[in-house]
Structures are given as structure tokens and as C-alpha cells.
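data18.cif (mmCIF, N, CA and C atoms) appears below.
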data_upload
loop_
_atom_site.label_atom_id
_atom_site.label_comp_id
_atom_site.auth_asym_id
_atom_site.auth_seq_id
_atom_site.Cartn_x
_atom_site.Cartn_y
_atom_site.Cartn_z
N MET A 1375 103.59 75.03 85.10
CA MET A 1375 103.91 75.37 86.45
C MET A 1375 103.34 74.28 87.32
N PRO A 1376 103.72 74.09 88.50
CA PRO A 1376 104.72 74.78 89.28
C PRO A 1376 105.88 73.87 89.70
N TYR A 1377 106.98 74.50 89.96
CA TYR A 1377 108.08 73.84 90.64
C TYR A 1377 107.89 74.18 92.10
N VAL A 1378 108.01 73.18 92.96
CA VAL A 1378 107.67 73.40 94.37
C VAL A 1378 108.91 73.53 95.24
N MET A 1379 108.78 74.40 96.22
CA MET A 1379 109.79 74.58 97.27
C MET A 1379 109.20 73.93 98.52
N ARG A 1380 109.99 73.15 99.22
CA ARG A 1380 109.50 72.47 100.42
C ARG A 1380 110.26 72.94 101.66
N ASN A 1381 109.56 72.97 102.79
CA ASN A 1381 110.21 73.34 104.05
C ASN A 1381 110.83 72.09 104.67
N ALA A 1382 111.37 72.23 105.87
CA ALA A 1382 112.06 71.13 106.54
C ALA A 1382 111.12 69.96 106.84
N ASP A 1383 109.82 70.23 106.96
CA ASP A 1383 108.84 69.17 107.22
C ASP A 1383 108.37 68.49 105.94
N GLY A 1384 108.83 68.96 104.78
CA GLY A 1384 108.43 68.38 103.51
C GLY A 1384 107.17 68.99 102.93
N ASP A 1385 106.62 70.01 103.59
CA ASP A 1385 105.42 70.68 103.09
C ASP A 1385 105.80 71.74 102.05
N ILE A 1386 104.92 71.96 101.09
CA ILE A 1386 105.15 73.01 100.10
C ILE A 1386 105.11 74.37 100.78
N CYS A 1387 106.14 75.17 100.55
CA CYS A 1387 106.18 76.52 101.14
C CYS A 1387 106.32 77.59 100.06
N GLY A 1388 106.39 77.19 98.80
CA GLY A 1388 106.48 78.15 97.71
C GLY A 1388 106.35 77.47 96.36
N LEU A 1389 105.91 78.24 95.37
CA LEU A 1389 105.75 77.75 94.00
C LEU A 1389 106.45 78.69 93.04
N CYS A 1390 107.09 78.14 92.02
CA CYS A 1390 107.78 78.93 91.01
C CYS A 1390 107.42 78.41 89.62
N GLU A 1391 107.38 79.31 88.66
CA GLU A 1391 107.07 78.90 87.29
C GLU A 1391 108.24 78.17 86.64
N GLN A 1392 109.45 78.52 87.05
CA GLN A 1392 110.64 77.91 86.48
C GLN A 1392 111.43 77.22 87.57
N VAL A 1393 112.21 76.24 87.19
CA VAL A 1393 113.05 75.54 88.15
C VAL A 1393 114.00 76.53 88.82
N GLN A 1394 114.19 76.38 90.12
CA GLN A 1394 115.11 77.20 90.89
C GLN A 1394 116.16 76.26 91.46
N GLU A 1395 117.32 76.22 90.82
CA GLU A 1395 118.38 75.29 91.23
C GLU A 1395 118.64 75.40 92.72
N GLY A 1396 118.53 74.27 93.40
CA GLY A 1396 118.80 74.22 94.83
C GLY A 1396 117.65 74.66 95.71
N TYR A 1397 116.57 75.16 95.13
CA TYR A 1397 115.44 75.66 95.92
C TYR A 1397 114.12 75.01 95.52
N ALA A 1398 113.80 75.09 94.25
CA ALA A 1398 112.53 74.55 93.76
C ALA A 1398 112.81 73.77 92.48
N GLU A 1399 113.09 72.50 92.63
CA GLU A 1399 113.46 71.67 91.49
C GLU A 1399 112.41 70.61 91.15
N GLN A 1400 111.49 70.35 92.07
CA GLN A 1400 110.48 69.31 91.85
C GLN A 1400 109.27 69.90 91.13
N PHE A 1401 108.93 69.32 89.99
CA PHE A 1401 107.76 69.76 89.23
C PHE A 1401 106.54 68.95 89.65
N LEU A 1402 105.44 69.65 89.88
CA LEU A 1402 104.15 69.00 90.12
C LEU A 1402 103.11 69.69 89.24
N PRO A 1403 102.15 68.95 88.71
CA PRO A 1403 101.11 69.58 87.90
C PRO A 1403 100.23 70.48 88.76
N ASP A 1404 99.59 71.45 88.11
CA ASP A 1404 98.71 72.39 88.80
C ASP A 1404 97.61 71.71 89.60
N ASP A 1405 97.17 70.55 89.12
CA ASP A 1405 96.05 69.88 89.79
C ASP A 1405 96.49 68.83 90.81
N ALA A 1406 97.78 68.77 91.13
CA ALA A 1406 98.25 67.84 92.16
C ALA A 1406 97.63 68.25 93.49
N ALA A 1407 97.24 67.29 94.30
CA ALA A 1407 96.55 67.57 95.56
C ALA A 1407 97.33 68.55 96.45
N GLU A 1408 98.64 68.36 96.55
CA GLU A 1408 99.46 69.25 97.38
C GLU A 1408 99.46 70.68 96.86
N VAL A 1409 99.51 70.83 95.55
CA VAL A 1409 99.52 72.17 94.94
C VAL A 1409 98.18 72.85 95.15
N VAL A 1410 97.10 72.12 94.93
CA VAL A 1410 95.76 72.67 95.14
C VAL A 1410 95.60 73.10 96.59
N ALA A 1411 96.06 72.28 97.53
CA ALA A 1411 95.95 72.62 98.95
C ALA A 1411 96.76 73.87 99.27
N PHE A 1412 97.95 73.99 98.66
CA PHE A 1412 98.77 75.18 98.89
C PHE A 1412 98.06 76.43 98.37
N TYR A 1413 97.48 76.34 97.16
CA TYR A 1413 96.74 77.48 96.60
C TYR A 1413 95.57 77.86 97.50
N GLU A 1414 94.85 76.85 98.00
CA GLU A 1414 93.70 77.12 98.85
C GLU A 1414 94.11 77.77 100.17
N LYS A 1415 95.28 77.37 100.67
CA LYS A 1415 95.79 77.93 101.92
C LYS A 1415 96.24 79.37 101.75
N SER A 1416 96.68 79.72 100.54
CA SER A 1416 97.13 81.08 100.25
C SER A 1416 95.92 81.99 100.11
N ASP A 1417 95.97 83.13 100.75
CA ASP A 1417 94.86 84.09 100.68
C ASP A 1417 95.16 85.10 99.59
N THR A 1418 94.67 84.84 98.38
CA THR A 1418 94.97 85.71 97.26
C THR A 1418 94.22 87.04 97.34
N SER A 1419 93.18 87.12 98.17
CA SER A 1419 92.45 88.38 98.29
C SER A 1419 93.25 89.40 99.10
N ALA A 1420 94.25 88.93 99.84
CA ALA A 1420 95.04 89.82 100.67
C ALA A 1420 96.36 90.18 99.98
N SER A 1421 96.31 90.49 98.70
CA SER A 1421 97.53 90.83 97.98
C SER A 1421 98.03 92.20 98.43
N TYR A 1422 99.33 92.40 98.30
CA TYR A 1422 99.94 93.66 98.70
C TYR A 1422 101.24 93.88 97.94
N VAL A 1423 101.76 95.08 98.08
CA VAL A 1423 103.00 95.49 97.43
C VAL A 1423 103.91 96.05 98.52
N ILE A 1424 105.19 95.70 98.45
CA ILE A 1424 106.17 96.30 99.35
C ILE A 1424 107.32 96.85 98.52
N GLY A 1425 108.03 97.80 99.07
CA GLY A 1425 109.21 98.33 98.40
C GLY A 1425 110.28 97.26 98.27
N LYS A 1426 111.02 97.30 97.19
CA LYS A 1426 112.05 96.29 96.98
C LYS A 1426 113.13 96.35 98.05
N SER A 1427 113.34 97.51 98.65
CA SER A 1427 114.35 97.64 99.69
C SER A 1427 113.87 97.14 101.05
N THR A 1428 112.58 96.94 101.22
CA THR A 1428 112.03 96.57 102.53
C THR A 1428 112.65 95.30 103.11
N PRO A 1429 112.70 94.20 102.36
CA PRO A 1429 113.31 93.00 102.95
C PRO A 1429 114.76 93.23 103.37
N TRP A 1430 115.51 93.97 102.57
CA TRP A 1430 116.91 94.23 102.89
C TRP A 1430 117.04 95.05 104.16
N ARG A 1431 116.17 96.01 104.36
CA ARG A 1431 116.20 96.84 105.57
C ARG A 1431 115.87 96.01 106.81
N ARG A 1432 115.06 94.99 106.63
CA ARG A 1432 114.64 94.13 107.75
C ARG A 1432 115.68 93.07 108.11
N MET A 1433 116.64 92.81 107.23
CA MET A 1433 117.64 91.77 107.46
C MET A 1433 118.78 92.25 108.35
N SER A 1434 119.36 91.30 109.06
CA SER A 1434 120.60 91.57 109.79
C SER A 1434 121.74 91.60 108.76
N ASP A 1435 122.89 92.11 109.17
CA ASP A 1435 124.05 92.14 108.26
C ASP A 1435 124.44 90.73 107.82
N GLU A 1436 124.34 89.76 108.73
CA GLU A 1436 124.68 88.38 108.39
C GLU A 1436 123.69 87.82 107.37
N GLU A 1437 122.42 88.11 107.56
CA GLU A 1437 121.40 87.64 106.62
C GLU A 1437 121.63 88.26 105.24
N VAL A 1438 121.99 89.54 105.21
CA VAL A 1438 122.26 90.21 103.93
C VAL A 1438 123.36 89.48 103.18
N ASP A 1439 124.43 89.13 103.87
CA ASP A 1439 125.54 88.42 103.23
C ASP A 1439 125.07 87.07 102.66
N ASP A 1440 124.31 86.32 103.44
CA ASP A 1440 123.85 85.00 102.99
C ASP A 1440 122.88 85.10 101.81
N VAL A 1441 121.94 86.05 101.89
CA VAL A 1441 120.95 86.22 100.82
C VAL A 1441 121.61 86.74 99.55
N ASP A 1442 122.53 87.67 99.69
CA ASP A 1442 123.22 88.20 98.52
C ASP A 1442 123.99 87.10 97.81
N ALA A 1443 124.65 86.24 98.57
CA ALA A 1443 125.39 85.13 97.96
C ALA A 1443 124.43 84.21 97.19
N ALA A 1444 123.26 83.95 97.76
CA ALA A 1444 122.27 83.10 97.08
C ALA A 1444 121.75 83.78 95.82
N LEU A 1445 121.50 85.08 95.89
CA LEU A 1445 121.02 85.81 94.71
C LEU A 1445 122.05 85.78 93.59
N GLN A 1446 123.31 85.85 93.94
CA GLN A 1446 124.36 85.82 92.92
C GLN A 1446 124.38 84.47 92.19
N GLY A 1447 123.88 83.43 92.86
CA GLY A 1447 123.82 82.12 92.23
C GLY A 1447 122.54 81.86 91.45
N ALA A 1448 121.60 82.82 91.51
CA ALA A 1448 120.33 82.67 90.79
C ALA A 1448 120.56 82.86 89.29
N PRO A 1449 119.68 82.32 88.47
CA PRO A 1449 119.81 82.51 87.02
C PRO A 1449 119.83 84.00 86.66
N LEU A 1450 120.59 84.34 85.64
CA LEU A 1450 120.76 85.73 85.23
C LEU A 1450 119.42 86.41 84.93
N LYS A 1451 118.53 85.71 84.26
CA LYS A 1451 117.23 86.31 83.93
C LYS A 1451 116.50 86.75 85.20
N GLN A 1452 116.49 85.89 86.22
CA GLN A 1452 115.82 86.25 87.47
C GLN A 1452 116.48 87.44 88.14
N ARG A 1453 117.80 87.47 88.13
CA ARG A 1453 118.50 88.61 88.74
C ARG A 1453 118.17 89.89 88.01
N ARG A 1454 118.10 89.85 86.69
CA ARG A 1454 117.78 91.06 85.92
C ARG A 1454 116.35 91.53 86.18
N ILE A 1455 115.41 90.59 86.28
CA ILE A 1455 114.03 90.96 86.59
C ILE A 1455 113.97 91.61 87.96
N TYR A 1456 114.65 91.02 88.93
CA TYR A 1456 114.67 91.57 90.28
C TYR A 1456 115.30 92.96 90.28
N GLU A 1457 116.42 93.11 89.60
CA GLU A 1457 117.10 94.40 89.55
C GLU A 1457 116.23 95.49 88.92
N ALA A 1458 115.44 95.12 87.93
CA ALA A 1458 114.60 96.10 87.21
C ALA A 1458 113.33 96.47 87.98
N ALA A 1459 112.93 95.63 88.92
CA ALA A 1459 111.68 95.88 89.65
C ALA A 1459 111.83 97.06 90.60
N SER A 1460 110.76 97.82 90.78
CA SER A 1460 110.73 98.92 91.74
C SER A 1460 110.12 98.47 93.06
N TYR A 1461 109.31 97.46 92.98
CA TYR A 1461 108.59 96.96 94.15
C TYR A 1461 108.38 95.47 94.01
N ILE A 1462 107.88 94.85 95.07
CA ILE A 1462 107.58 93.43 95.07
C ILE A 1462 106.09 93.28 95.35
N SER A 1463 105.37 92.63 94.45
CA SER A 1463 103.93 92.41 94.59
C SER A 1463 103.65 90.94 94.80
N THR A 1464 102.73 90.64 95.70
CA THR A 1464 102.37 89.24 95.93
C THR A 1464 101.72 88.62 94.71
N LYS A 1465 101.28 89.44 93.77
CA LYS A 1465 100.65 88.93 92.54
C LYS A 1465 101.67 88.58 91.46
N ASP A 1466 102.93 88.90 91.69
CA ASP A 1466 103.98 88.69 90.70
C ASP A 1466 104.76 87.42 91.00
N GLU A 1467 105.22 86.75 89.96
CA GLU A 1467 106.03 85.55 90.12
C GLU A 1467 107.28 85.84 90.96
N LEU A 1468 107.80 87.05 90.87
CA LEU A 1468 109.00 87.43 91.62
C LEU A 1468 108.81 87.21 93.11
N PHE A 1469 107.60 87.45 93.61
CA PHE A 1469 107.34 87.28 95.04
C PHE A 1469 107.56 85.82 95.44
N GLY A 1470 106.99 84.90 94.69
CA GLY A 1470 107.16 83.48 95.00
C GLY A 1470 108.60 83.03 94.89
N THR A 1471 109.30 83.53 93.89
CA THR A 1471 110.70 83.19 93.70
C THR A 1471 111.53 83.70 94.87
N LEU A 1472 111.27 84.95 95.27
CA LEU A 1472 112.02 85.53 96.39
C LEU A 1472 111.67 84.82 97.70
N MET A 1473 110.40 84.48 97.88
CA MET A 1473 109.99 83.75 99.08
C MET A 1473 110.70 82.40 99.15
N ALA A 1474 110.79 81.71 98.03
CA ALA A 1474 111.46 80.40 97.99
C ALA A 1474 112.95 80.55 98.32
N LEU A 1475 113.59 81.55 97.75
CA LEU A 1475 115.01 81.76 98.00
C LEU A 1475 115.25 82.10 99.46
N LEU A 1476 114.48 83.03 100.01
CA LEU A 1476 114.65 83.43 101.41
C LEU A 1476 114.34 82.26 102.35
N SER A 1477 113.35 81.46 102.01
CA SER A 1477 113.00 80.30 102.83
C SER A 1477 114.14 79.30 102.87
N ALA A 1478 114.78 79.08 101.74
CA ALA A 1478 115.88 78.13 101.66
C ALA A 1478 117.13 78.64 102.38
N VAL A 1479 117.41 79.93 102.22
CA VAL A 1479 118.64 80.49 102.81
C VAL A 1479 118.47 80.74 104.30
N LEU A 1480 117.32 81.26 104.71
CA LEU A 1480 117.09 81.62 106.11
C LEU A 1480 116.14 80.60 106.75
N SER A 1481 114.87 80.78 106.56
CA SER A 1481 113.84 79.84 107.00
C SER A 1481 112.51 80.33 106.46
N PRO A 1482 111.52 79.46 106.33
CA PRO A 1482 110.22 79.92 105.84
C PRO A 1482 109.60 81.00 106.72
N SER A 1483 109.75 80.88 108.04
CA SER A 1483 109.16 81.90 108.92
C SER A 1483 109.88 83.24 108.78
N ARG A 1484 111.19 83.20 108.64
CA ARG A 1484 111.94 84.45 108.47
C ARG A 1484 111.61 85.07 107.12
N ALA A 1485 111.46 84.27 106.09
CA ALA A 1485 111.08 84.78 104.77
C ALA A 1485 109.74 85.50 104.85
N ALA A 1486 108.80 84.91 105.57
CA ALA A 1486 107.49 85.54 105.72
C ALA A 1486 107.60 86.88 106.45
N GLU A 1487 108.47 86.94 107.44
CA GLU A 1487 108.68 88.21 108.16
C GLU A 1487 109.28 89.27 107.24
N LEU A 1488 110.27 88.87 106.45
CA LEU A 1488 110.96 89.81 105.56
C LEU A 1488 110.05 90.34 104.46
N LEU A 1489 109.12 89.51 104.01
CA LEU A 1489 108.24 89.89 102.91
C LEU A 1489 106.83 90.28 103.38
N ALA A 1490 106.69 90.49 104.67
CA ALA A 1490 105.38 90.88 105.22
C ALA A 1490 105.00 92.29 104.76
N PRO A 1491 103.70 92.59 104.76
CA PRO A 1491 103.27 93.94 104.35
C PRO A 1491 103.90 95.02 105.20
N GLU A 1492 104.12 96.15 104.61
CA GLU A 1492 104.63 97.30 105.34
C GLU A 1492 103.49 97.93 106.14
N THR A 1493 103.81 98.43 107.30
CA THR A 1493 102.78 99.07 108.12
C THR A 1493 102.93 100.57 108.13
#
Rendering of file as C-alpha cells:
Amino acid sequence: MPYVMRNADGDICGLCEQVQEGYAEQFLPDDAAEVVAFYEKSDTSASYVIGKSTPWRRMSDEEVDDVDAALQGAPLKQRRIYEAASYISTKDELFGTLMALLSAVLSPSRAAELLAPET
């Protein structure tokens, strides 16, 4: 790991264990300075779980169409894992994969809003 997802400024905005065609294709070693900085910036003590339907409920109809189209282009294994999940946990690889996909399709800030903790 990791394959990195970058935002419009070229900064790392997500990490994935496997290549994500069109989203996270650049591999960097775990000890690369950028990867270490991203890990340090992430607050792992603030982990949380949200319902799998939560991001969908938060999306506009247009966003749903765009995200669904992107999900259909994701590798079959990832789609099956997502379909089988009951919830999304920040401790799971699925969270990073979904964050990367949403960031690419919508924007990193919108992805963060969609995957924010439930109140």
C-alpha cells in the first residue's frame, strides 16, 4: 500500500490498498514523506461508523446519478464488498476507497460532507 488519490492542488486526499482506475493509480511506499504526512494529518482516534445509506441520503439527485455511474465503473470486487457492507467505518479500507471515488466525482470537500459522522 498505498495508491494515492490527489486533489486539484496535487495534495494527497485519499489512500487505497489497490489501484483505483481513474482515481488512485499512483503507488507510493508507506514511508514516503507525503504518505507519512497524510497519515499524521488523519486523526485515527476519531474513528466512526455511518450507515451505508447516509451518503446517498445526503446527495442531490444529480450527485446520485454521477456517483452511481462511477460506482458501476469500479472493479467488481469493490462493488461486491460495498454491496455486502451494512455500514461504512473509517477503520475499513472501504471508507478510503469511497472517499477517493466521491472526491474524484464530486470534490474532496463534498466527499467529506457526505461521509461525515451522523449526528
>> Counting only C-alpha atoms, which residues sit no farther than 12 Å from the position (120.0, 86.2, 108.5) in the file's frame? I'd like them as a VMD selection string.
In response: chain A and resid 1429 to 1443 1476 to 1485 1487 to 1488
> What does the PyMOL selection byres (((chain A and resi 1447-1450 and name CA) around 12) and name CA) select in this file, as a ChimeraX atom specification?
Replying inline: /A:1392-1398,1440-1446,1451-1457,1471-1472,1474-1475,1479
Secondary structure check, alpha helix (DSSP H) residues of chain A, as a short mmCIF file (atom, residue, chain, number, x, y, z; two decimals) with N, CA and C atoms, keeping the file's coordinate frame:
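Heads up, here's the output in result.cif:
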data_model
loop_
_atom_site.label_atom_id
_atom_site.label_comp_id
_atom_site.auth_asym_id
_atom_site.auth_seq_id
_atom_site.Cartn_x
_atom_site.Cartn_y
_atom_site.Cartn_z
N ALA A 1407 97.24 67.29 94.30
CA ALA A 1407 96.55 67.57 95.56
C ALA A 1407 97.33 68.55 96.45
N GLU A 1408 98.64 68.36 96.55
CA GLU A 1408 99.46 69.25 97.38
C GLU A 1408 99.46 70.68 96.86
N VAL A 1409 99.51 70.83 95.55
CA VAL A 1409 99.52 72.17 94.94
C VAL A 1409 98.18 72.85 95.15
N VAL A 1410 97.10 72.12 94.93
CA VAL A 1410 95.76 72.67 95.14
C VAL A 1410 95.60 73.10 96.59
N ALA A 1411 96.06 72.28 97.53
CA ALA A 1411 95.95 72.62 98.95
C ALA A 1411 96.76 73.87 99.27
N PHE A 1412 97.95 73.99 98.66
CA PHE A 1412 98.77 75.18 98.89
C PHE A 1412 98.06 76.43 98.37
N TYR A 1413 97.48 76.34 97.16
CA TYR A 1413 96.74 77.48 96.60
C TYR A 1413 95.57 77.86 97.50
N GLU A 1414 94.85 76.85 98.00
CA GLU A 1414 93.70 77.12 98.85
C GLU A 1414 94.11 77.77 100.17
N LYS A 1415 95.28 77.37 100.67
CA LYS A 1415 95.79 77.93 101.92
C LYS A 1415 96.24 79.37 101.75
N THR A 1428 112.58 96.94 101.22
CA THR A 1428 112.03 96.57 102.53
C THR A 1428 112.65 95.30 103.11
N PRO A 1429 112.70 94.20 102.36
CA PRO A 1429 113.31 93.00 102.95
C PRO A 1429 114.76 93.23 103.37
N TRP A 1430 115.51 93.97 102.57
CA TRP A 1430 116.91 94.23 102.89
C TRP A 1430 117.04 95.05 104.16
N ARG A 1431 116.17 96.01 104.36
CA ARG A 1431 116.20 96.84 105.57
C ARG A 1431 115.87 96.01 106.81
N ARG A 1432 115.06 94.99 106.63
CA ARG A 1432 114.64 94.13 107.75
C ARG A 1432 115.68 93.07 108.11
N ASP A 1435 122.89 92.11 109.17
CA ASP A 1435 124.05 92.14 108.26
C ASP A 1435 124.44 90.73 107.82
N GLU A 1436 124.34 89.76 108.73
CA GLU A 1436 124.68 88.38 108.39
C GLU A 1436 123.69 87.82 107.37
N GLU A 1437 122.42 88.11 107.56
CA GLU A 1437 121.40 87.64 106.62
C GLU A 1437 121.63 88.26 105.24
N VAL A 1438 121.99 89.54 105.21
CA VAL A 1438 122.26 90.21 103.93
C VAL A 1438 123.36 89.48 103.18
N ASP A 1439 124.43 89.13 103.87
CA ASP A 1439 125.54 88.42 103.23
C ASP A 1439 125.07 87.07 102.66
N ASP A 1440 124.31 86.32 103.44
CA ASP A 1440 123.85 85.00 102.99
C ASP A 1440 122.88 85.10 101.81
N VAL A 1441 121.94 86.05 101.89
CA VAL A 1441 120.95 86.22 100.82
C VAL A 1441 121.61 86.74 99.55
N ASP A 1442 122.53 87.67 99.69
CA ASP A 1442 123.22 88.20 98.52
C ASP A 1442 123.99 87.10 97.81
N ALA A 1443 124.65 86.24 98.57
CA ALA A 1443 125.39 85.13 97.96
C ALA A 1443 124.43 84.21 97.19
N ALA A 1444 123.26 83.95 97.76
CA ALA A 1444 122.27 83.10 97.08
C ALA A 1444 121.75 83.78 95.82
N LEU A 1445 121.50 85.08 95.89
CA LEU A 1445 121.02 85.81 94.71
C LEU A 1445 122.05 85.78 93.59
N GLN A 1446 123.31 85.85 93.94
CA GLN A 1446 124.36 85.82 92.92
C GLN A 1446 124.38 84.47 92.19
N LEU A 1450 120.59 84.34 85.64
CA LEU A 1450 120.76 85.73 85.23
C LEU A 1450 119.42 86.41 84.93
N LYS A 1451 118.53 85.71 84.26
CA LYS A 1451 117.23 86.31 83.93
C LYS A 1451 116.50 86.75 85.20
N GLN A 1452 116.49 85.89 86.22
CA GLN A 1452 115.82 86.25 87.47
C GLN A 1452 116.48 87.44 88.14
N ARG A 1453 117.80 87.47 88.13
CA ARG A 1453 118.50 88.61 88.74
C ARG A 1453 118.17 89.89 88.01
N ARG A 1454 118.10 89.85 86.69
CA ARG A 1454 117.78 91.06 85.92
C ARG A 1454 116.35 91.53 86.18
N ILE A 1455 115.41 90.59 86.28
CA ILE A 1455 114.03 90.96 86.59
C ILE A 1455 113.97 91.61 87.96
N TYR A 1456 114.65 91.02 88.93
CA TYR A 1456 114.67 91.57 90.28
C TYR A 1456 115.30 92.96 90.28
N GLU A 1457 116.42 93.11 89.60
CA GLU A 1457 117.10 94.40 89.55
C GLU A 1457 116.23 95.49 88.92
N ALA A 1458 115.44 95.12 87.93
CA ALA A 1458 114.60 96.10 87.21
C ALA A 1458 113.33 96.47 87.98
N GLU A 1467 105.22 86.75 89.96
CA GLU A 1467 106.03 85.55 90.12
C GLU A 1467 107.28 85.84 90.96
N LEU A 1468 107.80 87.05 90.87
CA LEU A 1468 109.00 87.43 91.62
C LEU A 1468 108.81 87.21 93.11
N PHE A 1469 107.60 87.45 93.61
CA PHE A 1469 107.34 87.28 95.04
C PHE A 1469 107.56 85.82 95.44
N GLY A 1470 106.99 84.90 94.69
CA GLY A 1470 107.16 83.48 95.00
C GLY A 1470 108.60 83.03 94.89
N THR A 1471 109.30 83.53 93.89
CA THR A 1471 110.70 83.19 93.70
C THR A 1471 111.53 83.70 94.87
N LEU A 1472 111.27 84.95 95.27
CA LEU A 1472 112.02 85.53 96.39
C LEU A 1472 111.67 84.82 97.70
N MET A 1473 110.40 84.48 97.88
CA MET A 1473 109.99 83.75 99.08
C MET A 1473 110.70 82.40 99.15
N ALA A 1474 110.79 81.71 98.03
CA ALA A 1474 111.46 80.40 97.99
C ALA A 1474 112.95 80.55 98.32
N LEU A 1475 113.59 81.55 97.75
CA LEU A 1475 115.01 81.76 98.00
C LEU A 1475 115.25 82.10 99.46
N LEU A 1476 114.48 83.03 100.01
CA LEU A 1476 114.65 83.43 101.41
C LEU A 1476 114.34 82.26 102.35
N SER A 1477 113.35 81.46 102.01
CA SER A 1477 113.00 80.30 102.83
C SER A 1477 114.14 79.30 102.87
N ALA A 1478 114.78 79.08 101.74
CA ALA A 1478 115.88 78.13 101.66
C ALA A 1478 117.13 78.64 102.38
N VAL A 1479 117.41 79.93 102.22
CA VAL A 1479 118.64 80.49 102.81
C VAL A 1479 118.47 80.74 104.30
N PRO A 1482 111.52 79.46 106.33
CA PRO A 1482 110.22 79.92 105.84
C PRO A 1482 109.60 81.00 106.72
N SER A 1483 109.75 80.88 108.04
CA SER A 1483 109.16 81.90 108.92
C SER A 1483 109.88 83.24 108.78
N ARG A 1484 111.19 83.20 108.64
CA ARG A 1484 111.94 84.45 108.47
C ARG A 1484 111.61 85.07 107.12
N ALA A 1485 111.46 84.27 106.09
CA ALA A 1485 111.08 84.78 104.77
C ALA A 1485 109.74 85.50 104.85
N ALA A 1486 108.80 84.91 105.57
CA ALA A 1486 107.49 85.54 105.72
C ALA A 1486 107.60 86.88 106.45
N GLU A 1487 108.47 86.94 107.44
CA GLU A 1487 108.68 88.21 108.16
C GLU A 1487 109.28 89.27 107.24
N LEU A 1488 110.27 88.87 106.45
CA LEU A 1488 110.96 89.81 105.56
C LEU A 1488 110.05 90.34 104.46
#
> How would you write, as a VMD selection string, the set of residues in chain A that DSSP gives as strand (DSSP E)?
Replying inline: chain A and resid 1377 to 1380 1386 to 1390 1400 to 1401 1423 to 1425 1461 to 1463
> Distance atom CA of Gly1388 of chain A-atom CA of Tyr1461 of chain A, one decimal place?
Replying inline: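 Atom CA of Tyr1461 of chain A lies 19.3 Å from atom CA of Gly1388 of chain A.
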> Quick one: distance from atom CA of Ala1458 of chain A to atom N of Lys1426 of chain A in Å, one decimal?
Replying inline: 10.7 Å
> Using only C-alpha atoms, which of the listed residues (A:Ala1459, A:Cys1390, A:Pro1491, A:Asp1466) sits closest to Asp1404 of chain A?
Replying inline: A:Cys1390
> When distances are computed from only C-alpha atoms, which of A:Cys1387, A:Thr1493, A:Ser1463, A:Ala1486 shows the smallest separation from Ala1420 of chain A?
Replying inline: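 Looking only at the distances to Ala1420 of chain A, the closest residue turns out to be A:Ser1463.
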>> For a cutoff of 5 Å around the file-coordinate point (106.4, 73.2, 95.6), which residues qualify once you count all atoms listed in the file? I'd like the result as a PyMOL selection string.
In response: chain A and resi 1377-1379+1386+1388-1389
>> I'd like the residues picked by the PyMOL selection byres (((chain A and resi 1423 and name CA) around 6) and name CA) written out as an NGL selection string, using the chain letters and numbers from the file.
In response: :A and (1422 or 1424 or 1462-1463)
Write a file of the just-selected residues containing N, CA and C atoms, as a PDB file, in the coordinates of the input.
ATOM      1  N   TYR A1422      99.330  92.400  98.300  1.00  0.00           N
ATOM      2  CA  TYR A1422      99.940  93.660  98.700  1.00  0.00           C
ATOM      3  C   TYR A1422     101.240  93.880  97.940  1.00  0.00           C
ATOM      4  N   ILE A1424     105.190  95.700  98.450  1.00  0.00           N
ATOM      5  CA  ILE A1424     106.170  96.300  99.350  1.00  0.00           C
ATOM      6  C   ILE A1424     107.320  96.850  98.520  1.00  0.00           C
ATOM      7  N   ILE A1462     107.880  94.850  95.070  1.00  0.00           N
ATOM      8  CA  ILE A1462     107.580  93.430  95.070  1.00  0.00           C
ATOM      9  C   ILE A1462     106.090  93.280  95.350  1.00  0.00           C
ATOM     10  N   SER A1463     105.370  92.630  94.450  1.00  0.00           N
ATOM     11  CA  SER A1463     103.930  92.410  94.590  1.00  0.00           C
ATOM     12  C   SER A1463     103.650  90.940  94.800  1.00  0.00           C
TER      13      SER A1463
END
>> I'd like the interatomic distance between atom N of Val1410 of chain A and atom C of Ala1490 of chain A, to a tenth of an Å.
In response: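 Between atom N of Val1410 of chain A and atom C of Ala1490 of chain A the gap works out to 23.8 Å.
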First collect every listed atom of segment 1408-1415 of chain A; then fit an axis-aligned box around them, widen it by 8 Å on each side, and give centre and edge lengths in Å to one decimal, as AutoDock Vina command-line options.
--center_x 96.6 --center_y 73.9 --center_z 98.4 --size_x 21.8 --size_y 27.0 --size_z 23.0
